Structure formats: structure tokens, C-alpha cells
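Everything below belongs to query17.pdb, which stores PDB, C-alpha atoms.
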```
ATOM      1  CA  ASP A 220      12.986  -0.079 -19.641
ATOM      2  CA  GLY A 221      10.484  -2.345 -17.811
ATOM      3  CA  VAL A 222      10.548  -4.787 -20.745
ATOM      4  CA  SER A 223      13.779  -6.754 -20.269
ATOM      5  CA  TRP A 224      14.427  -8.150 -16.790
ATOM      6  CA  SER A 225      17.355  -9.916 -15.110
ATOM      7  CA  GLU A 226      17.366 -11.811 -11.821
ATOM      8  CA  GLY A 227      19.467 -10.503  -8.972
ATOM      9  CA  THR A 228      19.997 -11.223  -5.277
ATOM     10  CA  SER A 229      19.837  -9.047  -2.196
ATOM     11  CA  GLY A 230      22.172 -11.253  -0.175
ATOM     12  CA  SER A 231      19.500 -11.468   2.524
ATOM     13  CA  ALA A 232      17.496 -14.483   3.666
ATOM     14  CA  SER A 233      14.460 -12.305   4.404
ATOM     15  CA  SER A 234      11.268 -12.293   2.340
ATOM     16  CA  PHE A 235      10.783  -8.933   0.597
ATOM     17  CA  LEU A 236       7.301  -7.606  -0.109
ATOM     18  CA  GLY A 237       7.733  -3.937  -0.999
ATOM     19  CA  VAL A 238      10.149  -1.639  -2.826
ATOM     20  CA  ALA A 239      10.207   2.096  -3.577
ATOM     21  CA  TRP A 240      12.470   4.469  -5.535
ATOM     22  CA  SER A 241      13.371   7.959  -4.324
ATOM     23  CA  GLY A 242      15.034   9.167  -7.502
ATOM     24  CA  SER A 243      18.471   8.212  -6.239
ATOM     25  CA  GLN A 244      17.968   5.075  -4.148
ATOM     26  CA  PHE A 245      15.796   1.991  -3.843
ATOM     27  CA  ALA A 246      14.453   0.939  -0.441
ATOM     28  CA  ALA A 247      13.159  -2.616  -0.003
ATOM     29  CA  VAL A 248      11.229  -3.919   3.010
ATOM     30  CA  GLY A 249      10.285  -7.373   4.249
ATOM     31  CA  SER A 250      10.104  -9.754   7.157
ATOM     32  CA  PRO A 251      11.335  -9.951   9.802
ATOM     33  CA  SER A 252      12.201  -6.227  10.127
ATOM     34  CA  ALA A 253      14.172  -6.273   6.878
ATOM     35  CA  LEU A 254      15.320  -2.935   5.421
ATOM     36  CA  LEU A 255      17.698  -2.776   2.451
ATOM     37  CA  THR A 256      18.834  -0.003   0.123
ATOM     38  CA  SER A 257      20.423   0.048  -3.312
ATOM     39  CA  PRO A 258      21.470   2.832  -5.685
ATOM     40  CA  ASP A 259      21.070   0.636  -8.768
ATOM     41  CA  GLY A 260      18.971  -2.439  -7.859
ATOM     42  CA  LEU A 261      22.058  -4.665  -8.085
ATOM     43  CA  LYS A 262      24.116  -4.016  -4.970
ATOM     44  CA  TRP A 263      22.094  -4.010  -1.724
ATOM     45  CA  THR A 264      22.991  -2.927   1.816
ATOM     46  CA  THR A 265      21.137  -3.988   4.970
ATOM     47  CA  ARG A 266      20.023  -1.131   7.217
ATOM     48  CA  PRO A 267      19.159  -1.204  10.955
ATOM     49  CA  ALA A 268      15.433  -1.415  11.712
ATOM     50  CA  PRO A 269      13.764   0.591  14.504
ATOM     51  CA  GLU A 270      12.300  -2.624  15.973
ATOM     52  CA  ALA A 271      13.023  -6.336  15.645
ATOM     53  CA  ASN A 272      10.745  -9.129  14.420
ATOM     54  CA  LYS A 273       8.197  -6.956  12.615
ATOM     55  CA  ALA A 274       6.378  -7.986   9.433
ATOM     56  CA  VAL A 275       6.897  -5.066   7.024
ATOM     57  CA  ASP A 276       5.092  -5.425   3.691
ATOM     58  CA  GLN A 277       4.939  -2.034   1.982
ATOM     59  CA  VAL A 278       7.095   1.048   1.442
ATOM     60  CA  VAL A 279       6.440   4.272  -0.484
ATOM     61  CA  TRP A 280       8.399   7.411  -1.344
ATOM     62  CA  THR A 281       6.427  10.585  -0.574
ATOM     63  CA  GLY A 282       8.774  13.001  -2.310
ATOM     64  CA  SER A 283      10.653  13.771   0.888
ATOM     65  CA  GLU A 284      10.900  10.486   2.794
ATOM     66  CA  PHE A 285      10.345   6.737   2.692
ATOM     67  CA  VAL A 286       7.382   5.458   4.723
ATOM     68  CA  ALA A 287       7.141   1.746   5.542
ATOM     69  CA  PHE A 288       4.018  -0.086   6.708
ATOM     70  CA  GLY A 289       3.509  -3.479   8.329
ATOM     71  CA  LEU A 290       2.024  -5.406  11.219
ATOM     72  CA  MET A 291       2.580  -2.709  13.834
ATOM     73  CA  SER A 292       0.699   0.290  15.156
ATOM     74  CA  GLU A 293       3.204   2.840  13.836
ATOM     75  CA  VAL A 294       4.980   3.507  10.547
ATOM     76  CA  TRP A 295       8.724   3.590   9.913
ATOM     77  CA  VAL A 296      10.149   6.636   8.162
ATOM     78  CA  SER A 297      13.497   7.574   6.647
ATOM     79  CA  ALA A 298      14.689  10.546   4.605
ATOM     80  CA  ASP A 299      17.528   8.574   3.002
ATOM     81  CA  GLY A 300      16.661   4.887   3.463
ATOM     82  CA  VAL A 301      19.668   4.494   5.756
ATOM     83  CA  VAL A 302      18.475   5.799   9.136
ATOM     84  CA  TRP A 303      14.929   4.794  10.084
ATOM     85  CA  GLU A 304      12.687   5.759  12.985
ATOM     86  CA  ALA A 305       9.250   4.698  14.204
ATOM     87  CA  ARG A 306       6.493   7.308  14.028
ATOM     88  CA  ALA A 307       3.095   7.055  15.723
ATOM     89  CA  THR A 308      -0.095   6.996  13.648
ATOM     90  CA  GLY A 309      -2.618   7.055  16.468
ATOM     91  CA  ALA A 310      -3.694   3.504  15.634
ATOM     92  CA  THR A 311      -5.063   1.631  18.650
ATOM     93  CA  ALA A 312      -4.298  -1.786  17.149
ATOM     94  CA  THR A 313      -2.079  -3.331  14.505
ATOM     95  CA  ILE A 314      -1.907  -1.892  10.993
ATOM     96  CA  SER A 315      -1.955  -4.476   8.220
ATOM     97  CA  THR A 316      -0.598  -2.413   5.315
ATOM     98  CA  GLY A 317      -0.645   1.040   3.771
ATOM     99  CA  GLY A 318       0.190   3.117   0.746
ATOM    100  CA  LEU A 319       0.343   6.492  -0.966
ATOM    101  CA  ALA A 320      -2.472   7.811  -3.172
ATOM    102  CA  ASN A 321      -2.750  11.288  -4.681
ATOM    103  CA  GLY A 322      -0.134  12.600  -2.263
ATOM    104  CA  GLU A 323      -1.900  11.211   0.815
ATOM    105  CA  LEU A 324      -0.674   8.383   3.038
ATOM    106  CA  PHE A 325      -3.080   5.628   4.062
ATOM    107  CA  ALA A 326      -2.628   2.991   6.793
ATOM    108  CA  ILE A 327      -5.212   0.217   7.022
ATOM    109  CA  GLY A 328      -6.085  -1.339  10.372
ATOM    110  CA  SER A 329      -5.786  -5.074  10.986
ATOM    111  CA  GLY A 330      -7.897  -7.551  12.952
ATOM    112  CA  PRO A 331     -10.465  -5.845  15.229
ATOM    113  CA  ASP A 332      -9.123  -2.474  13.997
ATOM    114  CA  ARG A 333      -9.664  -3.233  10.297
ATOM    115  CA  VAL A 334     -12.611  -0.845  10.074
ATOM    116  CA  ASN A 335     -10.201   2.070  10.565
ATOM    117  CA  ILE A 336      -8.148   3.781   7.863
ATOM    118  CA  TYR A 337      -5.546   6.273   9.070
ATOM    119  CA  ARG A 338      -4.761   9.148   6.688
ATOM    120  CA  SER A 339      -1.961  11.703   6.609
ATOM    121  CA  ILE A 340      -0.700  14.406   4.261
ATOM    122  CA  ASP A 341       2.682  14.831   5.962
ATOM    123  CA  GLY A 342       3.252  11.462   7.675
ATOM    124  CA  VAL A 343       3.222  13.200  11.072
ATOM    125  CA  THR A 344      -0.408  14.101  11.754
ATOM    126  CA  TRP A 345      -2.899  11.293  11.140
ATOM    127  CA  SER A 346      -6.693  11.227  11.122
ATOM    128  CA  ARG A 347      -8.969   8.200  11.343
ATOM    129  CA  THR A 348     -11.660   7.303   8.819
ATOM    130  CA  MET A 349     -14.148   4.514   9.428
ATOM    131  CA  ALA A 350     -14.399   2.002   6.566
ATOM    132  CA  PRO A 351     -16.078  -1.310   5.680
ATOM    133  CA  GLN A 352     -14.381  -4.202   7.476
ATOM    134  CA  SER A 353     -13.548  -6.121   4.306
ATOM    135  CA  ILE A 354     -11.210  -3.463   2.862
ATOM    136  CA  ARG A 355      -7.602  -4.507   2.162
ATOM    137  CA  ALA A 356      -6.374  -1.708  -0.129
ATOM    138  CA  VAL A 357      -7.346   1.906  -0.783
ATOM    139  CA  ALA A 358      -6.709   4.491  -3.503
ATOM    140  CA  SER A 359      -7.714   8.108  -3.920
ATOM    141  CA  ASN A 360      -7.923  10.690  -6.700
ATOM    142  CA  GLY A 361      -8.293  13.509  -4.184
ATOM    143  CA  LEU A 362     -12.094  13.474  -4.293
ATOM    144  CA  ILE A 363     -13.207   9.858  -4.105
ATOM    145  CA  LEU A 364     -11.700   7.227  -1.804
ATOM    146  CA  VAL A 365     -12.000   3.709  -3.230
ATOM    147  CA  GLY A 366     -11.454   0.552  -1.207
ATOM    148  CA  VAL A 367     -11.316  -3.110  -2.236
ATOM    149  CA  GLY A 368     -10.903  -6.299  -0.274
ATOM    150  CA  GLU A 369     -12.331  -9.680   0.606
ATOM    151  CA  SER A 370     -14.982 -11.523  -1.403
ATOM    152  CA  GLY A 371     -14.860  -9.070  -4.289
ATOM    153  CA  GLY A 372     -15.946  -6.109  -2.213
ATOM    154  CA  ALA A 373     -15.494  -2.700  -3.833
ATOM    155  CA  HIS A 374     -16.527   0.408  -1.897
ATOM    156  CA  LEU A 375     -16.249   4.137  -2.494
ATOM    157  CA  ALA A 376     -16.853   7.334  -0.586
ATOM    158  CA  GLU A 377     -16.353  11.073  -0.987
ATOM    159  CA  GLN A 378     -13.454  11.995   1.294
ATOM    160  CA  GLY A 379     -13.848   8.637   3.057
ATOM    161  CA  VAL A 380     -17.295   9.473   4.482
ATOM    162  CA  GLU A 381     -20.534   7.513   3.933
ATOM    163  CA  TRP A 382     -19.144   4.462   2.161
ATOM    164  CA  VAL A 383     -21.298   2.689  -0.425
ATOM    165  CA  ARG A 384     -20.712  -0.696  -2.036
ATOM    166  CA  SER A 385     -20.346  -0.634  -5.806
ATOM    167  CA  GLN A 386     -20.399  -3.374  -8.423
ATOM    168  CA  ASP A 387     -18.145  -6.323  -7.498
ATOM    169  CA  PRO A 388     -15.390  -6.684 -10.143
ATOM    170  CA  PHE A 389     -14.931 -10.458  -9.779
ATOM    171  CA  GLY A 390     -17.751 -11.818  -7.654
ATOM    172  CA  ASP A 391     -16.198 -13.530  -4.626
ATOM    173  CA  GLU A 392     -12.563 -13.104  -5.733
ATOM    174  CA  ASP A 393     -10.439 -11.353  -3.067
ATOM    175  CA  LEU A 394      -8.987  -8.026  -4.239
ATOM    176  CA  ARG A 395      -5.530  -7.121  -2.927
ATOM    177  CA  SER A 396      -4.188  -4.146  -4.896
ATOM    178  CA  LEU A 397      -5.546  -0.864  -6.189
ATOM    179  CA  THR A 398      -4.424   2.323  -7.942
ATOM    180  CA  ALA A 399      -6.304   5.382  -9.151
ATOM    181  CA  HIS A 400      -5.682   8.275 -11.528
ATOM    182  CA  GLY A 401      -8.504  10.706 -12.138
ATOM    183  CA  GLY A 402     -11.641   8.688 -12.806
ATOM    184  CA  LEU A 403      -9.643   5.586 -13.774
ATOM    185  CA  VAL A 404      -9.211   2.891 -11.103
ATOM    186  CA  ILE A 405      -7.357  -0.427 -11.575
ATOM    187  CA  ALA A 406      -7.864  -3.334  -9.134
ATOM    188  CA  GLY A 407      -5.984  -6.634  -8.984
ATOM    189  CA  THR A 408      -6.468  -9.988  -7.272
ATOM    190  CA  SER A 409      -3.933 -12.350  -5.727
ATOM    191  CA  GLY A 410      -4.749 -14.719  -8.611
ATOM    192  CA  GLY A 411      -3.594 -12.284 -11.290
ATOM    193  CA  LEU A 412      -6.971 -10.934 -12.440
ATOM    194  CA  LEU A 413      -7.339  -7.242 -13.306
ATOM    195  CA  ALA A 414     -10.376  -4.991 -13.504
ATOM    196  CA  LYS A 415     -10.765  -1.327 -14.403
ATOM    197  CA  SER A 416     -13.316   1.344 -13.618
ATOM    198  CA  THR A 417     -13.644   4.650 -15.463
ATOM    199  CA  ASP A 418     -16.207   6.159 -13.089
ATOM    200  CA  HIS A 419     -14.282   6.292  -9.809
ATOM    201  CA  GLY A 420     -14.971   2.653  -8.890
ATOM    202  CA  MET A 421     -18.726   2.559  -9.339
ATOM    203  CA  THR A 422     -18.790   0.083 -12.256
ATOM    204  CA  TRP A 423     -16.061  -2.335 -13.353
ATOM    205  CA  GLU A 424     -14.952  -4.416 -16.321
ATOM    206  CA  ALA A 425     -12.329  -7.149 -16.549
ATOM    207  CA  VAL A 426      -9.134  -6.444 -18.496
ATOM    208  CA  PRO A 427      -6.749  -9.041 -19.995
ATOM    209  CA  SER A 428      -3.740  -9.928 -17.859
ATOM    210  CA  VAL A 429      -0.453 -11.259 -19.215
ATOM    211  CA  ASP A 430      -0.075 -14.182 -16.794
ATOM    212  CA  ASP A 431      -2.458 -16.547 -15.037
ATOM    213  CA  GLY A 432      -1.118 -15.628 -11.598
ATOM    214  CA  TRP A 433       1.267 -13.425  -9.665
TER     215      TRP A 433
END
```
Would you kindly transcribe this structure into C-alpha cells?
Amino acid sequence: DGVSWSEGTSGSASSFLGVAWSGSQFAAVGSPSALLTSPDGLKWTTRPAPEANKAVDQVVWTGSEFVAFGLMSEVWVSADGVVWEARATGATATISTGGLANGELFAIGSGPDRVNIYRSIDGVTWSRTMAPQSIRAVASNGLILVGVGESGGAHLAEQGVEWVRSQDPFGDEDLRSLTAHGGLVIAGTSGGLLAKSTDHGMTWEAVPSVDDGW
């Protein structure tokens, strides 16, 4: 119910950073090249990875397949969480992370390639959007693309074009996570702070968080 929690174990020594649910199976990803599945969140099975020694930190379910992101130039995809394959994104350098927003996949460049965001509706064909270098996470409501990242930077753009910097939610606090629904956008920091925007990310206000840190 999301209220009562119990601690379990995956049986793996890997560090896990992302998990997704398909409606019938969980898929968890981590480092190095860790892929696990579970039908109930209790019993986990290790699955073969397309490549060894990769840092994988995010996985999403698109409605038809799992898509995993990490420190690599491609994404890993699987229809069932059991058999995975690498799929090219067109990235010329390493991707740092990615996600799913409003039915669209996003992969964020890393290092010298951080100004690039790769976007895809089907996970096969990707297009590149230029973005501010500080961005670490993106969200979309289908009209506005919002990005947050280092030193409190919040940016927004229509369809990812002509980015403008909006009000900083927490000054110099680094922002690491983001989700959007309609005009509502929620951003979070690695220190457990939360902020919300009701105008597509233009202005922000802090919201109470349950814990002091994540």
C-alpha cells in the first residue's frame, strides 16, 4: 500500500539504483551491469547483461518494454526483463542517466556531451536536443520540457528549444530528480529537499519533506 514497508534482499552484492514495474514483473538495475527481475519484490533472479562492467542507474517501463540507462552511449532494452539487448541512441559520448516523461524517453549526456539530451518516442529512433550544461534530470508534460541540475539551476523550454533559466528552487542546492504532470512540476535534491511549481517550472516554492535526507 506504500505505507507499510519490509526489508528484503536481492541476493546480489551489486548496488541497485533503479527499479521499474511492468504490471507483472519488477526489473532492478545497478552496478556493475546488474540486472535482476522479480514477480513480487521478494524473490529476485539475476539476468545476463548485454555488456560487462557498466554503471546502470535508471530503468523505466514504457508500456511495451523496459529501457535501462547508465554510463554508456546506448540504452539497454528488454520486453520481459529476462533477455536484454543494447540499442543505439546516436549519442557521441557517454550518457549519464535517463527517464520517461509523458510517454517520451530522455537520455542525458555526460561529461563533454552533457549539453545534449536525446529524445525518443519508440526507443528506436532518437533525436538530439541541445540543453544547458548543468542539467541532470528532465521532465515533460508534452508541451514544456523542464530541466534541473547543478547549483539550483532550473530551466524550461517549449519542445526543448530556446531554453530559459527560471527561478532557482533552492539557491545553490543541486537538484537531482524531477517529475511533471500538467502544469505541476516536483523537483528534489540529494539532501531530501522538495520544491513544486504550478506554472510549468517558471516559479517554485518549497514543500515539506518527511525526512531530512534520502
Name the residues captured by the PyMOL selection byres ((chain A and resi 242) around 12) when it is applied to the shown file; answer as a ChimeraX atom specification. /A:239-241,243-246,257-259,280-285,299-300
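Relative to CA of Ile336 (chain A), CA of Thr311 (chain A) is found at 11.4 Å.
Nearest to Gly227 (chain A) of all the residues A:Ser315, A:Arg347, A:Ala307, A:Leu261 is A:Leu261, based on all atoms listed in the file.
Minimum distance to Gly237 (chain A) across A:Val357, A:Val404, A:Ala399, A:Val275 (counting all atoms listed in the file) occurs at A:Val275.
Interatomic distance, CA of Trp295 (chain A) against CA of Val367 (chain A): 24.4 Å.
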Run the PyMOL selection byres ((chain A and resi 248) around 7) against the file shown and list the residues it catches, as a ChimeraX atom specification. /A:235-238,246-247,249,253-255,275-278
Which one is closest to Leu324 (chain A): A:Glu304, A:Glu293, A:Ala358, A:Gly420? Count all atoms listed in the file. A:Ala358
Between CA of Ser252 (chain A) and CA of Gly407 (chain A), distance in Å (one decimal): 26.4 Å
Which residues match the PyMOL selection byres ((chain A and resi 422) around 12) in the file above, as a PDB file with C-alpha atoms, in the frame of the given file?
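So the final result, stored in expr-v9.pdb, reads:
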```pdb
ATOM      1  CA  VAL A 365     -12.000   3.709  -3.230  1.00  0.00           C
ATOM      2  CA  ALA A 373     -15.494  -2.700  -3.833  1.00  0.00           C
ATOM      3  CA  HIS A 374     -16.527   0.408  -1.897  1.00  0.00           C
ATOM      4  CA  LEU A 375     -16.249   4.137  -2.494  1.00  0.00           C
ATOM      5  CA  ARG A 384     -20.712  -0.696  -2.036  1.00  0.00           C
ATOM      6  CA  SER A 385     -20.346  -0.634  -5.806  1.00  0.00           C
ATOM      7  CA  GLN A 386     -20.399  -3.374  -8.423  1.00  0.00           C
ATOM      8  CA  ASP A 387     -18.145  -6.323  -7.498  1.00  0.00           C
ATOM      9  CA  PRO A 388     -15.390  -6.684 -10.143  1.00  0.00           C
ATOM     10  CA  PHE A 389     -14.931 -10.458  -9.779  1.00  0.00           C
ATOM     11  CA  GLY A 402     -11.641   8.688 -12.806  1.00  0.00           C
ATOM     12  CA  LEU A 403      -9.643   5.586 -13.774  1.00  0.00           C
ATOM     13  CA  VAL A 404      -9.211   2.891 -11.103  1.00  0.00           C
ATOM     14  CA  ILE A 405      -7.357  -0.427 -11.575  1.00  0.00           C
ATOM     15  CA  ALA A 406      -7.864  -3.334  -9.134  1.00  0.00           C
ATOM     16  CA  ALA A 414     -10.376  -4.991 -13.504  1.00  0.00           C
ATOM     17  CA  LYS A 415     -10.765  -1.327 -14.403  1.00  0.00           C
ATOM     18  CA  SER A 416     -13.316   1.344 -13.618  1.00  0.00           C
ATOM     19  CA  THR A 417     -13.644   4.650 -15.463  1.00  0.00           C
ATOM     20  CA  ASP A 418     -16.207   6.159 -13.089  1.00  0.00           C
ATOM     21  CA  HIS A 419     -14.282   6.292  -9.809  1.00  0.00           C
ATOM     22  CA  GLY A 420     -14.971   2.653  -8.890  1.00  0.00           C
ATOM     23  CA  MET A 421     -18.726   2.559  -9.339  1.00  0.00           C
ATOM     24  CA  TRP A 423     -16.061  -2.335 -13.353  1.00  0.00           C
ATOM     25  CA  GLU A 424     -14.952  -4.416 -16.321  1.00  0.00           C
ATOM     26  CA  ALA A 425     -12.329  -7.149 -16.549  1.00  0.00           C
TER      27      ALA A 425
END
```
Pick from A:Leu290, A:Ile314, A:Val426, A:Ala274 nearest to Gly411 (chain A), counting all atoms listed in the file: A:Val426
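Each of A:Thr344, A:Thr316, A:Ser225, A:Asn335 was compared to Val279 (chain A) using only C-alpha atoms, and A:Thr316 turns out to be the nearest.
Candidate residues A:Gly318, A:Glu323, A:Trp382, A:Ala298 were compared for distance to Ser396 (chain A), and the nearest is A:Gly318, using only C-alpha atoms.
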Mind giving me the axis-aligned box for region 300-314 of chain A with 5 Å on every side, centre plus edges in Å to one decimal, as lines of an AutoDock Vina configuration file?
```
center_x = 7.3
center_y = 2.0
center_z = 11.1
size_x = 34.7
size_y = 20.6
size_z = 25.2
```
